[in-house]
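Engineer: Have a peek at final-v1.txt (compact mmCIF, C-alpha atoms).
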# COMPACT_ATOMS: atom_id res chain seq x y z
CA MET L 1 186.75 23.26 112.03
CA PHE L 2 187.05 26.54 110.18
CA ILE L 3 189.14 29.48 111.30
CA ALA L 4 187.15 32.55 112.39
CA PRO L 5 188.71 35.99 112.77
CA ASN L 6 188.69 37.65 116.19
CA ALA L 7 186.24 40.32 115.04
CA ILE L 8 183.35 37.85 115.14
CA SER L 9 181.76 37.27 118.54
CA VAL L 10 181.61 33.73 119.88
CA GLY L 11 177.82 33.44 119.64
CA PHE L 12 177.84 34.08 115.90
CA ILE L 13 180.44 31.37 115.19
CA SER L 14 178.07 28.61 116.33
CA MET L 15 175.34 30.15 114.12
CA TYR L 16 177.55 30.08 111.01
CA LEU L 17 177.03 26.52 109.77
CA PRO L 18 173.22 26.34 110.35
CA ALA L 19 172.78 29.65 108.51
CA ILE L 20 174.92 28.50 105.56
CA TYR L 21 173.02 25.20 105.32
CA ALA L 22 169.65 26.96 105.57
CA GLY L 23 170.72 29.33 102.80
CA LEU L 24 171.77 26.43 100.59
CA ILE L 25 168.50 24.55 101.21
CA VAL L 26 166.34 27.60 100.50
CA GLY L 27 168.34 28.43 97.38
CA PHE L 28 168.06 24.83 96.16
CA ILE L 29 164.28 24.78 96.66
CA GLY L 30 163.92 28.09 94.83
CA SER L 31 166.13 27.02 91.91
CA ILE L 32 164.33 23.69 91.46
CA ALA L 33 160.96 25.47 91.48
CA ILE L 34 162.23 27.98 88.88
CA ALA L 35 163.40 25.08 86.70
CA ILE L 36 160.00 23.36 86.89
CA ASN L 37 157.76 26.39 86.30
CA ARG L 38 156.89 27.64 82.83
CA ARG L 39 154.96 30.87 83.44
CA GLU L 40 157.11 34.00 83.63
CA ILE L 41 155.37 35.84 86.46
CA HIS L 42 155.70 32.74 88.70
CA ILE L 43 159.41 32.56 87.93
CA LEU L 44 159.72 36.23 88.86
CA ILE L 45 158.05 35.58 92.24
CA LEU L 46 160.34 32.59 92.86
CA THR L 47 163.42 34.73 92.16
CA ASP L 48 162.50 36.53 95.37
CA ILE L 49 163.05 33.26 97.29
CA VAL L 50 166.51 32.81 95.76
CA GLY L 51 167.28 36.39 96.84
CA LEU L 52 166.35 35.45 100.43
CA ALA L 53 168.80 32.52 100.23
CA MET L 54 171.49 35.02 99.23
CA LEU L 55 170.65 37.05 102.35
CA PHE L 56 171.18 33.98 104.56
CA ILE L 57 174.63 33.26 103.14
CA VAL L 58 175.76 36.89 103.42
CA ALA L 59 174.28 37.36 106.91
CA ALA L 60 176.18 34.31 108.18
CA VAL L 61 179.40 36.37 108.05
CA GLY L 62 178.06 38.15 111.12
CA THR L 63 180.14 41.36 111.00
CA ASP L 64 179.57 44.88 109.67
CA LEU L 65 180.80 43.60 106.31
CA ALA L 66 177.67 41.42 106.07
CA GLU L 67 175.45 44.45 106.67
CA ALA L 68 177.36 46.45 104.06
CA LEU L 69 176.84 43.67 101.51
CA ILE L 70 173.16 43.02 102.28
CA LEU L 71 172.04 46.62 101.60
CA PRO L 72 173.20 46.85 97.95
CA GLY L 73 171.97 43.29 97.38
CA LEU L 74 168.45 44.24 98.47
CA VAL L 75 168.36 47.45 96.43
CA VAL L 76 169.67 45.69 93.31
CA GLU L 77 167.07 42.94 93.77
CA LEU L 78 164.35 45.60 93.96
CA ALA L 79 165.54 47.29 90.76
CA GLU L 80 165.82 43.94 89.00
CA THR L 81 162.28 42.90 89.95
CA LEU L 82 160.94 46.23 88.74
CA ALA L 83 162.79 46.06 85.42
CA ILE L 84 161.77 42.47 84.66
CA SER L 85 158.11 43.10 85.54
CA GLU L 86 158.08 46.10 83.18
CA ILE L 87 159.61 43.95 80.42
CA LEU L 88 156.98 41.24 80.97
CA LEU L 89 154.17 43.80 80.74
CA SER L 90 155.48 45.41 77.57
CA ARG L 91 156.06 42.03 75.93
CA GLU L 92 152.49 41.02 76.69
CA MET L 93 151.28 44.29 75.15
CA HIS L 94 153.24 43.56 71.96
CA LYS L 95 151.72 40.08 71.75
CA LEU L 96 148.22 41.56 71.96
CA GLU L 97 149.08 44.13 69.30
CA LYS L 98 150.00 41.45 66.78
CA ASP L 99 146.83 39.46 67.41
CA LYS L 100 144.24 41.41 65.41
CA ARG L 101 141.23 39.34 66.50
CA ARG L 102 141.34 40.58 70.07
CA THR L 103 139.32 43.63 70.89
CA THR L 104 140.58 44.24 74.42
CA SER L 105 142.06 47.67 74.97
CA LEU L 106 145.83 47.82 74.63
CA PHE L 107 146.11 49.92 77.78
CA PRO L 108 143.73 48.53 80.36
CA THR L 109 142.45 50.67 83.21
CA PRO L 110 145.06 50.83 85.96
CA PHE L 111 144.44 49.21 89.28
CA LEU L 112 142.25 51.19 91.68
CA LEU L 113 141.89 50.49 95.37
CA ASP L 114 140.26 53.19 97.49
CA MET L 115 140.32 52.23 101.16
CA GLU L 116 140.38 54.54 104.15
CA VAL L 117 143.69 53.20 105.45
CA MET L 118 145.36 54.20 102.18
CA THR L 119 144.55 57.87 102.73
CA THR L 120 146.11 58.04 106.19
CA ALA L 121 148.72 55.33 106.78
CA PRO L 122 150.98 55.69 103.68
CA ASN L 123 151.45 59.43 104.18
CA PHE L 124 152.67 58.92 107.73
CA ILE L 125 154.89 55.95 106.88
CA ALA L 126 156.36 57.84 103.90
CA LEU L 127 157.11 60.86 106.11
CA VAL L 128 158.82 58.68 108.72
CA LEU L 129 160.87 56.87 106.04
CA VAL L 130 161.99 60.13 104.37
CA VAL L 131 162.99 61.81 107.64
CA TYR L 132 164.78 58.69 108.91
CA GLY L 133 166.59 58.34 105.56
CA MET L 134 167.78 61.96 105.70
CA PHE L 135 169.08 61.28 109.20
CA LEU L 136 170.94 58.12 108.11
CA THR L 137 172.58 59.61 104.94
CA GLY L 138 174.71 57.47 102.68
CA PHE L 139 173.56 54.42 100.78
CA THR L 140 171.04 53.20 103.35
CA GLY L 141 169.57 56.67 103.79
CA GLY L 142 169.11 56.95 100.05
CA ALA L 143 167.35 53.62 99.88
CA VAL L 144 165.06 54.45 102.81
CA THR L 145 164.23 57.94 101.49
CA GLY L 146 163.59 56.58 98.01
CA GLY L 147 161.36 53.91 99.52
CA GLY L 148 159.35 56.60 101.30
CA ILE L 149 158.93 58.63 98.09
CA LEU L 150 157.93 55.51 96.20
CA LEU L 151 155.43 54.38 98.83
CA TYR L 152 153.80 57.83 98.71
CA ALA L 153 153.62 57.76 94.90
CA ILE L 154 152.22 54.24 94.73
CA SER L 155 149.59 54.86 97.39
CA ARG L 156 148.41 58.02 95.59
CA LYS L 157 148.35 56.06 92.35
CA ALA L 158 146.29 53.26 93.88
CA ARG L 159 143.72 55.81 95.05
CA GLY L 160 143.44 57.17 91.52
CA LEU L 161 145.00 60.55 92.35
CA PRO L 162 147.61 62.23 90.15
CA ILE L 163 151.24 62.10 91.31
CA ALA L 164 153.67 64.96 90.86
CA VAL L 165 156.18 64.21 88.10
CA PHE L 166 159.66 65.69 88.40
CA ASP L 167 161.17 66.04 84.95
CA GLY L 168 164.59 67.16 86.15
CA ILE L 169 165.28 64.11 88.27
CA GLY L 170 168.24 63.18 86.05
CA GLY L 171 169.86 66.53 86.91
CA VAL L 172 169.70 65.73 90.63
CA SER L 173 171.65 62.58 89.90
CA GLY L 174 174.38 64.59 88.18
CA ILE L 175 174.67 67.03 91.09
CA ALA L 176 174.94 64.07 93.43
CA TRP L 177 177.84 62.64 91.45
CA CYS L 178 179.61 66.03 91.63
CA LEU L 179 179.18 66.17 95.43
CA TRP L 180 180.51 62.66 95.76
CA LEU L 181 183.55 63.35 93.57
CA ILE L 182 184.36 66.64 95.37
CA GLY L 183 184.17 64.82 98.70
CA PHE L 184 186.45 62.06 97.44
CA VAL L 185 189.08 64.48 96.06
CA LEU L 186 189.00 66.62 99.25
CA PHE L 187 189.62 63.50 101.28
CA PHE L 188 192.98 62.98 99.57
CA VAL L 189 194.04 66.58 98.96
CA MET L 190 193.17 67.99 102.39
CA PRO L 191 192.88 65.13 104.87
CA GLN L 192 192.36 67.58 107.77
CA PHE L 193 188.87 68.33 106.38
CA TRP L 194 187.87 64.66 106.49
CA MET L 195 184.60 65.45 108.22
CA ILE L 196 183.24 67.72 105.47
CA SER L 197 184.39 65.35 102.71
CA LEU L 198 182.70 62.45 104.46
CA LEU L 199 179.48 64.44 104.72
CA LEU L 200 179.71 65.54 101.06
CA ALA L 201 180.12 61.95 99.92
CA ALA L 202 177.30 60.76 102.21
CA PHE L 203 174.81 63.41 101.03
CA GLY L 204 175.80 62.84 97.40
CA LEU L 205 175.12 59.15 97.74
CA LEU L 206 171.84 59.91 99.54
CA LEU L 207 170.63 62.10 96.65
CA LYS L 208 171.86 59.57 94.10
CA VAL L 209 170.13 56.52 95.53
CA ALA L 210 166.96 58.39 96.54
CA SER L 211 166.53 59.83 93.05
CA LYS L 212 167.16 56.40 91.48
CA VAL L 213 164.49 54.74 93.61
CA GLY L 214 162.18 57.72 93.19
CA LEU L 215 162.52 57.30 89.41
CA ILE L 216 160.19 54.32 89.72
CA GLY L 217 157.41 56.84 90.27
CA VAL L 218 158.20 58.34 86.85
CA LEU L 219 157.39 54.98 85.28
CA MET L 220 153.78 55.56 86.32
CA LYS L 221 153.74 58.72 84.21
CA GLU L 222 152.74 56.62 81.20
CA ASP L 223 149.71 55.35 83.10
CA LEU L 224 148.67 58.95 83.82
CA GLU L 225 148.93 59.95 80.18
CA ASN L 226 146.75 57.02 79.18
CA GLU L 227 144.13 58.00 81.72
CA GLY L 228 144.07 61.51 80.26
CA GLY L 229 143.64 60.07 76.78
CA ASN L 230 140.72 57.94 77.81
CA MET K 1 164.83 34.76 129.51
CA VAL K 2 164.36 33.39 126.01
CA SER K 3 167.58 32.42 124.29
CA ILE K 4 168.60 33.92 120.95
CA SER K 5 169.11 30.53 119.32
CA LEU K 6 165.38 29.83 119.68
CA PHE K 7 164.62 32.82 117.43
CA PHE K 8 167.47 31.86 115.12
CA TYR K 9 166.30 28.30 114.52
CA PHE K 10 162.66 29.40 114.30
CA GLY K 11 163.71 31.89 111.63
CA ILE K 12 165.51 29.17 109.67
CA PHE K 13 162.47 26.89 110.04
CA LEU K 14 160.11 29.64 108.81
CA ALA K 15 162.35 30.41 105.83
CA ILE K 16 162.56 26.78 104.72
CA VAL K 17 158.83 26.13 105.25
CA GLY K 18 157.98 29.40 103.49
CA SER K 19 160.12 28.58 100.48
CA LEU K 20 158.63 25.07 100.29
CA ALA K 21 155.15 26.61 100.48
CA THR K 22 156.08 29.05 97.70
CA ALA K 23 157.43 26.27 95.51
CA TRP K 24 154.92 23.44 96.03
CA GLY K 25 152.38 24.64 98.58
CA PRO K 26 148.60 24.36 98.17
CA GLY K 27 147.02 26.66 95.61
CA VAL K 28 150.25 28.04 94.17
CA SER K 29 148.92 27.81 90.62
CA ASP K 30 147.31 31.16 91.53
CA SER K 31 150.14 33.69 91.39
CA VAL K 32 148.62 35.86 94.17
CA VAL K 33 148.73 32.90 96.60
CA ARG K 34 152.35 32.28 95.60
CA LEU K 35 153.19 35.93 96.25
CA PHE K 36 151.63 35.77 99.72
CA ASN K 37 153.62 32.63 100.55
CA THR K 38 156.92 34.44 99.95
CA GLU K 39 156.06 36.65 102.94
CA ILE K 40 156.48 33.64 105.28
CA ALA K 41 160.05 33.11 104.10
CA SER K 42 160.83 36.82 104.38
CA ILE K 43 159.60 36.87 108.00
CA GLY K 44 162.01 34.00 108.68
CA VAL K 45 164.90 35.97 107.16
CA SER K 46 163.90 38.98 109.27
CA LEU K 47 164.20 36.87 112.44
CA VAL K 48 167.65 35.63 111.41
CA LEU K 49 168.82 39.20 110.69
CA LEU K 50 167.44 40.22 114.09
CA CYS K 51 169.54 37.52 115.79
CA TYR K 52 172.66 38.76 114.00
CA ASN K 53 172.04 42.40 115.15
CA HIS K 54 171.85 43.59 111.54
CA THR K 55 169.53 46.52 112.26
CA LEU K 56 169.99 48.46 109.03
CA ALA K 57 169.75 45.33 106.91
CA LEU K 58 166.50 44.41 108.71
CA LEU K 59 165.00 47.88 108.08
CA THR K 60 166.00 47.79 104.42
CA LEU K 61 164.60 44.27 104.05
CA VAL K 62 161.24 45.39 105.45
CA ALA K 63 161.13 48.44 103.16
CA THR K 64 162.12 46.54 100.01
CA THR K 65 159.72 43.66 100.77
CA VAL K 66 156.80 46.11 100.86
CA ILE K 67 157.86 47.71 97.57
CA ILE K 68 158.54 44.38 95.80
CA THR K 69 155.12 43.10 96.87
CA LEU K 70 153.43 46.22 95.47
CA ILE K 71 155.38 45.98 92.19
CA LEU K 72 154.56 42.29 91.71
CA PHE K 73 150.90 42.88 92.55
CA ARG K 74 150.76 45.61 89.92
CA ALA K 75 152.36 43.29 87.37
CA ILE K 76 149.99 40.40 88.17
CA ILE K 77 146.87 42.56 88.04
CA ARG K 78 147.84 44.25 84.79
CA LEU K 79 148.70 40.92 83.18
CA GLU K 80 145.32 39.55 84.26
CA GLU K 81 143.55 42.60 82.83
CA MET K 82 145.33 42.09 79.52
CA GLY K 83 144.05 38.53 79.48
CA ALA K 84 147.49 36.94 79.69
CA ASP K 85 148.14 33.54 81.24
CA VAL K 86 149.14 34.21 84.87
Spit out the file's structure as structure tokens when you get a sec.
Structural biologist:
Amino acid sequence: MFIAPNAISVGFISMYLPAIYAGLIVGFIGSIAIAINRREIHILILTDIVGLAMLFIVAAVGTDLAEALILPGLVVELAETLAISEILLSREMHKLEKDKRRTTSLFPTPFLLDMEVMTTAPNFIALVLVVYGMFLTGFTGGAVTGGGILLYAISRKARGLPIAVFDGIGGVSGIAWCLWLIGFVLFFVMPQFWMISLLLAAFGLLLKVASKVGLIGVLMKEDLENEGGN
Amino acid sequence: MVSISLFFYFGIFLAIVGSLATAWGPGVSDSVVRLFNTEIASIGVSLVLLCYNHTLALLTLVATTVIITLILFRAIIRLEEMGADV
């Protein structure tokens, strides 16, 4: 039997071993499938499954620590998927460029999907996510707010509408770092103002993460420029 | 009253079945079908997180799953338009 600290409630201790085994099984299945497959986009989809196995193992801890570890894991997985899919696309474009016999356009028309639900639902969901993220603050709030911004941008993009591009989004990130650092220093220099330093750090992190996730919308700027050219 | 362990084991079952379906399920040579099958496993993980009372983790999982699905769909469709092997 393993030793569990007192912070974990009794119900979670009996759930520990099944969750660990389930995580191992899911991770094993995902890894074997990645080893067998040859096509890159399939491997990218299967990486998602291995990420879910990671969630099982971390969630089995069953305390607040687990929650604190799951959130960055999810956001990093999102960023990783985005980066690798962009790399795959650009590599495929380079391959086509070298092959002179092909006559397909280098920049194909972007994907269009104009349904009624996409004009109403995403706006509302994005609004709820942004407001809820502002309320949460901190790392989670940033992720939720960024998700709302991104959902809005992607749904506008899918309907073929232009999205607003913020060129100074890197500057927001810098301001956020400053807020975070000021909060951190205040916490040590004047501990009696712990509340304001906590809030400074939380809002700095909110701006930081939200602007990072919102940056994904800037990636679609290149699509817009191509549309203008055509 | 339904016990929590029912949801917990059902979540584990869904996650394992979903990952098997993603790896070797019917029609997975089509990448869109494979992408849809990952949703089964992610519903299973959501149930497990629900049993552990990880509210924030559950909300973040739902949000990131939506975004990852959109990103992968965009990648698949653009690769298909370029005539690549997907």
Engineer: Sorted by chain and rising residue number, which residues of chain K lie within 7 Å of range 41-48 of chain L, and what are their closest atom pairs and distances in Å to one decimal, counting all atoms listed in the file, as a Markdown table?
Structural biologist:
| residue | atom | partner | partner_atom | distance |
| --- | --- | --- | --- | --- |
| K:Ser31 | CA | L:His42 | CA | 6.2 |
| K:Leu35 | CA | L:Ile45 | CA | 6.3 |
| K:Val86 | CA | L:Ile41 | CA | 6.6 |
Engineer: Hey, which bits of chain L sit within 8 Å of chain K, and for each residue what's the closest pair of atoms and how far apart in Å (one decimal), counting all atoms listed in the file, rows by chain and increasing number, as a tab-separated table?
Structural biologist:
residue	atom	partner	partner_atom	distance
L:Phe12	CA	K:Tyr52	CA	7.2
L:Ala19	CA	K:Ile12	CA	7.4
L:Ala22	CA	K:Ile12	CA	6.2
L:Ile25	CA	K:Ile16	CA	7.3
L:Val26	CA	K:Ile16	CA	5.7
L:Ile29	CA	K:Leu20	CA	6.7
L:Gly30	CA	K:Ala23	CA	6.8
L:Ala33	CA	K:Ala23	CA	5.4
L:Arg39	CA	K:Val86	CA	6.9
L:Ile41	CA	K:Val86	CA	6.6
L:His42	CA	K:Ser31	CA	6.2
L:Ile45	CA	K:Leu35	CA	6.3
L:Leu46	CA	K:Thr22	CA	7.4
L:Asp48	CA	K:Thr38	CA	7.5
L:Ile49	CA	K:Ser19	CA	6.4
L:Leu52	CA	K:Val45	CA	6.9
L:Leu55	CA	K:Val45	CA	7.6
L:Phe56	CA	K:Val45	CA	7.1
L:Ala59	CA	K:Leu49	CA	6.9
L:Gly62	CA	K:Tyr52	CA	6.2
L:Glu67	CA	K:Ala57	CA	5.8
L:Ile70	CA	K:Ala57	CA	6.2
L:Leu71	CA	K:Ala57	CA	5.9
L:Leu74	CA	K:Leu61	CA	6.8
L:Val75	CA	K:Thr64	CA	7.3
L:Leu78	CA	K:Ile68	CA	6.2
L:Thr81	CA	K:Ile68	CA	7.1
L:Leu82	CA	K:Ile71	CA	6.5
L:Ser85	CA	K:Ala75	CA	6.0
L:Glu86	CA	K:Ala75	CA	7.6
L:Leu89	CA	K:Leu79	CA	6.6
L:Glu92	CA	K:Ala84	CA	7.1
L:Met93	CA	K:Met82	CA	7.7
L:Thr104	CA	K:Met82	CA	7.3
L:Ser105	CA	K:Met82	CA	7.9
L:Leu106	CA	K:Met82	CA	7.5
L:Pro108	CA	K:Glu81	CA	6.4
L:Pro110	CA	K:Arg78	CA	7.2
L:Phe111	CA	K:Ile77	CA	7.2
L:Thr140	CA	K:Thr60	CA	7.5
L:Ala143	CA	K:Thr60	CA	7.5
L:Val144	CA	K:Thr60	CA	6.9
L:Gly147	CA	K:Ala63	CA	6.6
L:Leu150	CA	K:Ile67	CA	7.9
L:Leu151	CA	K:Ile67	CA	7.2
Engineer: Expressed in Å to a single decimal, how great is the separation between CA of Ser3 in chain K and CA of Ile13 in chain L?
Structural biologist: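 Straight-line distance from CA of Ser3 in chain K to CA of Ile13 in chain L works out to 15.8 Å.
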Engineer: For CA of Leu198 in chain L and CA of Phe184 in chain L, determine how far apart the two atoms are, in Å to one decimal place.
Structural biologist: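 If I compute the distance from CA of Leu198 in chain L to CA of Phe184 in chain L, I get 8.0 Å.
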Engineer: Go ahead and compute the interatomic distance for CA of Trp194 in chain L and CA of Ile182 in chain L, in Å to one decimal.
Structural biologist: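 Between these atoms lies a distance of 11.8 Å.
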Engineer: Pick from L:Phe139, L:Tyr21, L:Phe28, L:Phe124: nearest to Val50 in chain L, with all atoms listed in the file counted?
Structural biologist: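 Among the listed residues, the smallest separation from Val50 in chain L belongs to L:Phe28.
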Engineer: Can you list, as a compact mmCIF listing (two decimals) with C-alpha atoms, in the coordinates of the input, every protein, DNA or RNA residue that comes within 7 Å of Gly23 in chain L when you count only C-alpha atoms, leaving out same-chain residues fewer than 5 positions away?
Structural biologist:
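Produced file part23.txt, reproduced below:
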# COMPACT_ATOMS: atom_id res chain seq x y z
CA ALA L 53 168.80 32.52 100.23
CA MET L 54 171.49 35.02 99.23
CA PHE L 56 171.18 33.98 104.56
CA ILE L 57 174.63 33.26 103.14
Engineer: For Trp180 in chain L, which of L:Gly27, L:Gly204, L:Gly148, L:Pro122 is the closest residue, counting only C-alpha atoms?
Structural biologist: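 For Trp180 in chain L, the nearest of the given residues is L:Gly204.
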Engineer: Given the choices L:Val58, L:Ile125, L:Ala202, L:Ala66, which gets closest to Gly141 in chain L if the distance is worked out from only C-alpha atoms?
Structural biologist: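 Checking each of L:Val58, L:Ile125, L:Ala202, L:Ala66 against Gly141 in chain L, counting only C-alpha atoms, the winner is L:Ala202.
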Engineer: Here is a test: counting all atoms listed in the file, which residue of L:Ser14, L:Cys178, L:Phe203, L:Arg91 is nearest to Glu40 in chain L?
Structural biologist: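 Closest residue, counting all atoms listed in the file: L:Arg91.
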Engineer: Please return the centre and edge lengths, in Å to one decimal, of a box with edges along x, y and z that contains all listed atoms of range 20-35 of chain L, widened by 5 Å on every side, as JSON.
Structural biologist:
{"center_x": 167.9, "center_y": 26.5, "center_z": 96.1, "size_x": 24.0, "size_y": 15.6, "size_z": 28.9}
Engineer: Would you fill out range 43-64 of chain K with N, CA and C atoms and return it as a compact mmCIF listing (two decimals), in the coordinates of the input?
Structural biologist:
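Ended up saving to out-v8.txt:
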# COMPACT_ATOMS: atom_id res chain seq x y z
N ILE K 43 159.65 36.70 106.54
CA ILE K 43 159.60 36.87 108.00
C ILE K 43 160.70 36.05 108.66
N GLY K 44 160.95 34.83 108.15
CA GLY K 44 162.01 34.00 108.68
C GLY K 44 163.37 34.68 108.55
N VAL K 45 163.62 35.27 107.36
CA VAL K 45 164.90 35.97 107.16
C VAL K 45 165.01 37.16 108.10
N SER K 46 163.87 37.85 108.34
CA SER K 46 163.90 38.98 109.27
C SER K 46 164.33 38.53 110.66
N LEU K 47 163.81 37.37 111.11
CA LEU K 47 164.20 36.87 112.44
C LEU K 47 165.68 36.56 112.50
N VAL K 48 166.21 35.96 111.41
CA VAL K 48 167.65 35.63 111.41
C VAL K 48 168.48 36.91 111.45
N LEU K 49 168.08 37.93 110.67
CA LEU K 49 168.82 39.20 110.69
C LEU K 49 168.74 39.84 112.07
N LEU K 50 167.61 39.69 112.74
CA LEU K 50 167.44 40.22 114.09
C LEU K 50 168.43 39.56 115.05
N CYS K 51 168.61 38.23 114.92
CA CYS K 51 169.54 37.52 115.79
C CYS K 51 170.98 37.97 115.56
N TYR K 52 171.30 38.35 114.31
CA TYR K 52 172.66 38.76 114.00
C TYR K 52 172.91 40.24 114.30
N ASN K 53 171.92 40.95 114.85
CA ASN K 53 172.04 42.40 115.15
C ASN K 53 172.22 43.25 113.91
N HIS K 54 171.72 42.80 112.76
CA HIS K 54 171.85 43.59 111.54
C HIS K 54 170.66 44.54 111.41
N THR K 55 170.70 45.64 112.19
CA THR K 55 169.53 46.52 112.26
C THR K 55 169.19 47.15 110.92
N LEU K 56 170.24 47.75 110.29
CA LEU K 56 169.99 48.46 109.03
C LEU K 56 169.54 47.51 107.95
N ALA K 57 170.15 46.31 107.91
CA ALA K 57 169.75 45.33 106.91
C ALA K 57 168.29 44.93 107.12
N LEU K 58 167.88 44.79 108.40
CA LEU K 58 166.50 44.41 108.71
C LEU K 58 165.53 45.49 108.23
N LEU K 59 165.88 46.77 108.51
CA LEU K 59 165.00 47.88 108.08
C LEU K 59 164.89 47.92 106.56
N THR K 60 166.03 47.75 105.88
CA THR K 60 166.00 47.79 104.42
C THR K 60 165.21 46.62 103.87
N LEU K 61 165.35 45.44 104.50
CA LEU K 61 164.60 44.27 104.05
C LEU K 61 163.10 44.53 104.14
N VAL K 62 162.67 45.12 105.28
CA VAL K 62 161.24 45.39 105.45
C VAL K 62 160.75 46.36 104.37
N ALA K 63 161.55 47.44 104.15
CA ALA K 63 161.13 48.44 103.16
C ALA K 63 161.07 47.83 101.76
N THR K 64 162.12 47.07 101.37
CA THR K 64 162.12 46.54 100.01
C THR K 64 161.07 45.45 99.83
